[in-house]
Amino acid sequence: MKRVRSILALALALVLVLAMSTAAFAAPETYSITVNNTNSAISINGNTYNAYKILDATYDKEGHVSYTVSTEFANFTYTVGGNNYQGEALIAYLGTLTNDSDALDAFAKAALTYATTNSIQPAGTATAEGETATISVPAPGYYLVSGTATAPTDQTVTAACSLTTANPNAEVNVKADAPSVDKKIVDNGRDVDANDASIGDSVNYKITSRVPNMKGYTKYFFVMEDTLSKGLTYNEDMVITIGAKTLVKDTDYPLTVTKNADGTTSLEIVFKNFIQYKGQTDAAITLTYSATLNQDAVLDPTTGNPNTVKLIYSNNPNQEGEGTPENPDKPVPGTPVSETPTVETKTYVTGLKLTKIDGSTKKPLTGAKFEIKGTGMKVVLINKTIYKASETGTYYMLKDGTYTETAPVTDKNADGYNADLYDDVNKKYEKVTVVDKTTVPTQINATGYVDENGVLTFEGLGEGTYTITELVAPNGYNLLKDPITITITANATLEGCTWTVKNGETGLTAGADHLFAFNVENNSGTELPSTGGTGTTIFYILGSLLVVVAGVVLVTRKRMNASEN
């Protein structure tokens, strides 16, 4: 992940550093406090550190130390548990505290606030070189160290150093953290950034983070915001674990699902009382859920169908902020929090564009009906009015894909014979109105007629082998003897998806509509001699032989048979 420096308004939450001399020996000419960073999640390189002397330290010949409050902090009063501590009482109180305790952290916060509010000048200042800053101070004593740190990609955090004793030098480690978040697609057992799928497929996601070092905090905000693109439908199956514990929705975290005006879906996960995990630093946090690739999935091989996540977290133990009235664990505007970089995954789909043409003239043909099959394939229907098979129906399907309520005349010797214009003279349909888009489940064979331009498209396809079979040829043309075999392979990355689509051994190219186009040729049939008849006559449907709008369209704008068993 690219690291971009951002200066943290870092109050390094107050380390009381005791820089001491040894009275039995000559006092050293200089005293120093060295600040070290061992956390790879942040950097202190180039940042400034200040040391404020809270207590003066004096040593006798035997090396015993005595303390007095420094001039700068002479008026500092620390209130805790209903008691006020100042001067000698403050020194006595500090003697009861232990290293790295919450009580010492609380005192450090108060001392830093006092120094900042009263514009106290530091006793020493240093700029870090690499991951070390060495501050020279004029005399031994208890020092409060504060400074700045850099977190990746504009994240800001506040860190705290630890209490240590110098003789005459002190070394302290910066205790700060910038939690991160990552997201992957779990595809066939592999964690990947991008994949391909078919419409109707379930895409499995895994989000990972960890419990950060919450040294110095008494409240910590930890909120994840996840956004699914329009082509992905959340499946309401979120599972969250922290360490070995599986969290309970609403009890441990509220999950808010919002359908946005642009068609995207937002998931907000607010972790309740996250500070309770303070003792589990670096414990794994894992969120898993799935989304279904829906009929709004885009075909663009660069844009794909993205899914993103980012983490919002506390960044200052000295200014913890407040939650909203409805949710105390969700920070209000102005609360000192940072955001991680947005992490993105992408899922890609593609499609086919079949054009039926005359083998000789290369002109488009209508009336051809095709069936497409593919392992696990899901086909999208786009329609407003459809016709489904029904014994009580009043409509018949014509070979050009339209429907009519005019009954077929099947007697070849009768006037008005027209049976050869019908897809099936015995099959009736009823007209129904359905949702604008729906998905045909797997195992259902999808059939559809080419449109007036001889075109039929199939969208929302992923990797696989597909067979397209001609079921009905245009009038006067021979039916294709063999099915068409289409193979689709994909190389999906976050930058884009490279599709390899072949019709048999012939490679296909995608057009501006991102559909891989190919032509299907038909040749005229041979007319055989006949006796006792008037030859072959095509009866055209007039007047009441209604051409019905829309029909069932296969994938996009294509008419289709939606027969049900």
# chains A, B, ... in the order shown; residues from 1 in each chain; ligands from 1

$ select_by_dssp --residues "region 277-443 of chain A" --states "strand (DSSP E)" --output "JSON, numbers by chain"
{"A": [284, 285, 286, 287, 288, 289, 290, 291, 292, 293, 305, 306, 307, 308, 309, 310, 311, 312, 313, 314, 337, 338, 339, 343, 344, 345, 346, 347, 348, 350, 351, 352, 353, 354, 355, 356, 357, 358, 369, 370, 371, 372, 373, 374, 379, 380, 381, 382, 383, 385, 386, 387, 388, 389, 396, 397, 403, 404, 429, 430, 431, 432, 433, 437, 438, 439, 440]}

$ residues_around --residues "Thr79 (chain A)" --least-positions-apart "5" --cutoff "10 Å" --atoms "only C-alpha atoms" --output "PyMOL selection string"
chain A and resi 84-86+90+107+110

$ closest_residue --among "A:Thr48, A:Leu144, A:Val270, A:Thr335" --to "Leu104 (chain A)" --atoms "only C-alpha atoms"
A:Leu144

$ residues_around --residues "region 478-481 of chain A" --least-positions-apart "5" --cutoff "12 Å" --atoms "only C-alpha atoms" --output "PyMOL selection string"
chain A and resi 356+358-359+367-370+468-473+520-527

$ write_last_selection --atoms "N, CA and C atoms" --output "CSV table (one decimal), in the first residue's frame"
chain,number,residue,atom,x,y,z
A,356,LYS,N,-27.7,-12.9,-37.4
A,356,LYS,CA,-28.2,-13.9,-38.4
A,356,LYS,C,-28.1,-13.2,-39.8
A,358,ASP,N,-27.8,-13.8,-44.4
A,358,ASP,CA,-27.9,-14.7,-45.6
A,358,ASP,C,-26.5,-15.1,-46.0
A,359,GLY,N,-26.3,-16.4,-46.2
A,359,GLY,CA,-24.9,-16.8,-46.6
A,359,GLY,C,-24.4,-16.3,-47.9
A,367,GLY,N,-36.6,-14.2,-38.1
A,367,GLY,CA,-37.3,-15.4,-37.9
A,367,GLY,C,-36.5,-16.6,-37.4
A,368,ALA,N,-35.2,-16.4,-37.1
A,368,ALA,CA,-34.4,-17.5,-36.6
A,368,ALA,C,-34.5,-17.5,-35.1
A,369,LYS,N,-34.6,-18.7,-34.6
A,369,LYS,CA,-34.8,-19.0,-33.1
A,369,LYS,C,-33.6,-19.8,-32.6
A,370,PHE,N,-33.0,-19.4,-31.5
A,370,PHE,CA,-31.8,-20.0,-31.0
A,370,PHE,C,-32.0,-20.4,-29.5
A,468,ILE,N,-24.7,-22.8,-28.6
A,468,ILE,CA,-25.9,-22.1,-29.2
A,468,ILE,C,-26.4,-22.9,-30.3
A,469,THR,N,-27.7,-23.3,-30.2
A,469,THR,CA,-28.3,-24.2,-31.2
A,469,THR,C,-29.4,-23.5,-31.9
A,470,GLU,N,-29.5,-23.6,-33.2
A,470,GLU,CA,-30.6,-23.0,-34.0
A,470,GLU,C,-31.8,-23.9,-33.9
A,471,LEU,N,-32.9,-23.5,-33.4
A,471,LEU,CA,-34.1,-24.3,-33.3
A,471,LEU,C,-35.0,-24.1,-34.5
A,472,VAL,N,-35.1,-22.9,-35.0
A,472,VAL,CA,-36.0,-22.5,-36.1
A,472,VAL,C,-35.2,-21.7,-37.1
A,473,ALA,N,-35.1,-22.1,-38.4
A,473,ALA,CA,-34.4,-21.3,-39.4
A,473,ALA,C,-35.4,-20.3,-40.0
A,520,VAL,N,-23.9,-15.6,-38.0
A,520,VAL,CA,-24.3,-16.9,-38.2
A,520,VAL,C,-25.0,-16.9,-39.6
A,521,GLU,N,-24.5,-17.7,-40.5
A,521,GLU,CA,-25.0,-17.7,-41.9
A,521,GLU,C,-26.0,-18.8,-42.1
A,522,ASN,N,-27.0,-18.5,-42.9
A,522,ASN,CA,-28.0,-19.5,-43.3
A,522,ASN,C,-28.0,-19.5,-44.9
A,523,ASN,N,-28.2,-20.6,-45.5
A,523,ASN,CA,-28.3,-20.7,-46.9
A,523,ASN,C,-29.7,-21.2,-47.3
A,524,SER,N,-30.2,-20.7,-48.4
A,524,SER,CA,-31.5,-21.1,-48.9
A,524,SER,C,-31.7,-22.6,-49.1
A,525,GLY,N,-32.9,-23.0,-48.8
A,525,GLY,CA,-33.2,-24.5,-49.0
A,525,GLY,C,-33.5,-24.8,-50.5
A,526,THR,N,-33.5,-26.1,-50.8
A,526,THR,CA,-33.8,-26.5,-52.2
A,526,THR,C,-35.2,-26.8,-52.3
A,527,GLU,N,-35.9,-26.2,-53.3
A,527,GLU,CA,-37.4,-26.4,-53.5
A,527,GLU,C,-37.6,-27.7,-54.3

$ select_by_dssp --residues "region 132-366 of chain A" --states "helix (DSSP H, G or I)" --output "list in words"
Pro152, Thr153, Asp154, Phe274, Ile275, Gln276, Tyr277, Lys278, Gly279 and Gln280 of chain A

$ residues_around --residues "Pro254 (chain A)" --least-positions-apart "3" --cutoff "10 Å" --atoms "only C-alpha atoms" --output "VMD selection string"
chain A and resid 248 to 251 257 268 to 272 327 329

$ atom_distance --atom1 "CA of Val211 (chain A)" --atom2 "CA of Ile42 (chain A)"
15.4 Å

$ decode --residues "region 93-114 of chain A" --atoms "N, CA and C atoms" --output "PDB file, in the first residue's frame"
ATOM      1  N   TYR A  93       1.657  11.027  44.768  1.00  0.00           N
ATOM      2  CA  TYR A  93       0.668  10.265  43.984  1.00  0.00           C
ATOM      3  C   TYR A  93       1.345   9.512  42.843  1.00  0.00           C
ATOM      4  N   LEU A  94       2.261  10.172  42.144  1.00  0.00           N
ATOM      5  CA  LEU A  94       2.955   9.514  41.033  1.00  0.00           C
ATOM      6  C   LEU A  94       3.731   8.290  41.522  1.00  0.00           C
ATOM      7  N   GLY A  95       4.227   8.350  42.768  1.00  0.00           N
ATOM      8  CA  GLY A  95       4.971   7.209  43.313  1.00  0.00           C
ATOM      9  C   GLY A  95       4.120   5.974  43.499  1.00  0.00           C
ATOM     10  N   THR A  96       2.790   6.136  43.498  1.00  0.00           N
ATOM     11  CA  THR A  96       1.902   4.972  43.672  1.00  0.00           C
ATOM     12  C   THR A  96       1.547   4.299  42.343  1.00  0.00           C
ATOM     13  N   LEU A  97       1.910   4.919  41.221  1.00  0.00           N
ATOM     14  CA  LEU A  97       1.518   4.388  39.915  1.00  0.00           C
ATOM     15  C   LEU A  97       2.550   3.409  39.375  1.00  0.00           C
ATOM     16  N   THR A  98       2.113   2.572  38.486  1.00  0.00           N
ATOM     17  CA  THR A  98       3.002   1.589  37.858  1.00  0.00           C
ATOM     18  C   THR A  98       3.157   1.901  36.373  1.00  0.00           C
ATOM     19  N   ASN A  99       4.263   1.397  35.823  1.00  0.00           N
ATOM     20  CA  ASN A  99       4.531   1.626  34.402  1.00  0.00           C
ATOM     21  C   ASN A  99       3.400   1.108  33.530  1.00  0.00           C
ATOM     22  N   ASP A 100       3.085   1.854  32.470  1.00  0.00           N
ATOM     23  CA  ASP A 100       2.121   1.440  31.442  1.00  0.00           C
ATOM     24  C   ASP A 100       0.708   1.229  31.975  1.00  0.00           C
ATOM     25  N   SER A 101       0.427   1.789  33.142  1.00  0.00           N
ATOM     26  CA  SER A 101      -0.916   1.622  33.699  1.00  0.00           C
ATOM     27  C   SER A 101      -1.870   2.644  33.097  1.00  0.00           C
ATOM     28  N   ASP A 102      -3.165   2.333  33.165  1.00  0.00           N
ATOM     29  CA  ASP A 102      -4.178   3.275  32.686  1.00  0.00           C
ATOM     30  C   ASP A 102      -4.152   4.557  33.506  1.00  0.00           C
ATOM     31  N   ALA A 103      -3.847   4.426  34.793  1.00  0.00           N
ATOM     32  CA  ALA A 103      -3.804   5.608  35.656  1.00  0.00           C
ATOM     33  C   ALA A 103      -2.683   6.545  35.230  1.00  0.00           C
ATOM     34  N   LEU A 104      -1.544   5.979  34.841  1.00  0.00           N
ATOM     35  CA  LEU A 104      -0.436   6.807  34.393  1.00  0.00           C
ATOM     36  C   LEU A 104      -0.769   7.464  33.045  1.00  0.00           C
ATOM     37  N   ASP A 105      -1.468   6.725  32.184  1.00  0.00           N
ATOM     38  CA  ASP A 105      -1.905   7.312  30.906  1.00  0.00           C
ATOM     39  C   ASP A 105      -2.825   8.503  31.155  1.00  0.00           C
ATOM     40  N   ALA A 106      -3.726   8.366  32.115  1.00  0.00           N
ATOM     41  CA  ALA A 106      -4.666   9.446  32.410  1.00  0.00           C
ATOM     42  C   ALA A 106      -3.920  10.683  32.922  1.00  0.00           C
ATOM     43  N   PHE A 107      -2.936  10.461  33.783  1.00  0.00           N
ATOM     44  CA  PHE A 107      -2.134  11.587  34.265  1.00  0.00           C
ATOM     45  C   PHE A 107      -1.397  12.257  33.107  1.00  0.00           C
ATOM     46  N   ALA A 108      -0.837  11.460  32.223  1.00  0.00           N
ATOM     47  CA  ALA A 108      -0.089  11.998  31.087  1.00  0.00           C
ATOM     48  C   ALA A 108      -0.975  12.889  30.221  1.00  0.00           C
ATOM     49  N   LYS A 109      -2.217  12.452  29.975  1.00  0.00           N
ATOM     50  CA  LYS A 109      -3.150  13.267  29.180  1.00  0.00           C
ATOM     51  C   LYS A 109      -3.365  14.628  29.821  1.00  0.00           C
ATOM     52  N   ALA A 110      -3.576  14.613  31.136  1.00  0.00           N
ATOM     53  CA  ALA A 110      -3.841  15.860  31.850  1.00  0.00           C
ATOM     54  C   ALA A 110      -2.618  16.782  31.813  1.00  0.00           C
ATOM     55  N   ALA A 111      -1.430  16.215  31.967  1.00  0.00           N
ATOM     56  CA  ALA A 111      -0.208  17.021  31.947  1.00  0.00           C
ATOM     57  C   ALA A 111       0.016  17.642  30.571  1.00  0.00           C
ATOM     58  N   LEU A 112      -0.258  16.895  29.519  1.00  0.00           N
ATOM     59  CA  LEU A 112      -0.097  17.424  28.167  1.00  0.00           C
ATOM     60  C   LEU A 112      -1.097  18.553  27.914  1.00  0.00           C
ATOM     61  N   THR A 113      -2.322  18.364  28.375  1.00  0.00           N
ATOM     62  CA  THR A 113      -3.327  19.412  28.216  1.00  0.00           C
ATOM     63  C   THR A 113      -2.889  20.687  28.925  1.00  0.00           C
ATOM     64  N   TYR A 114      -2.319  20.534  30.116  1.00  0.00           N
ATOM     65  CA  TYR A 114      -1.831  21.699  30.872  1.00  0.00           C
ATOM     66  C   TYR A 114      -0.703  22.398  30.116  1.00  0.00           C
TER      67      TYR A 114
END
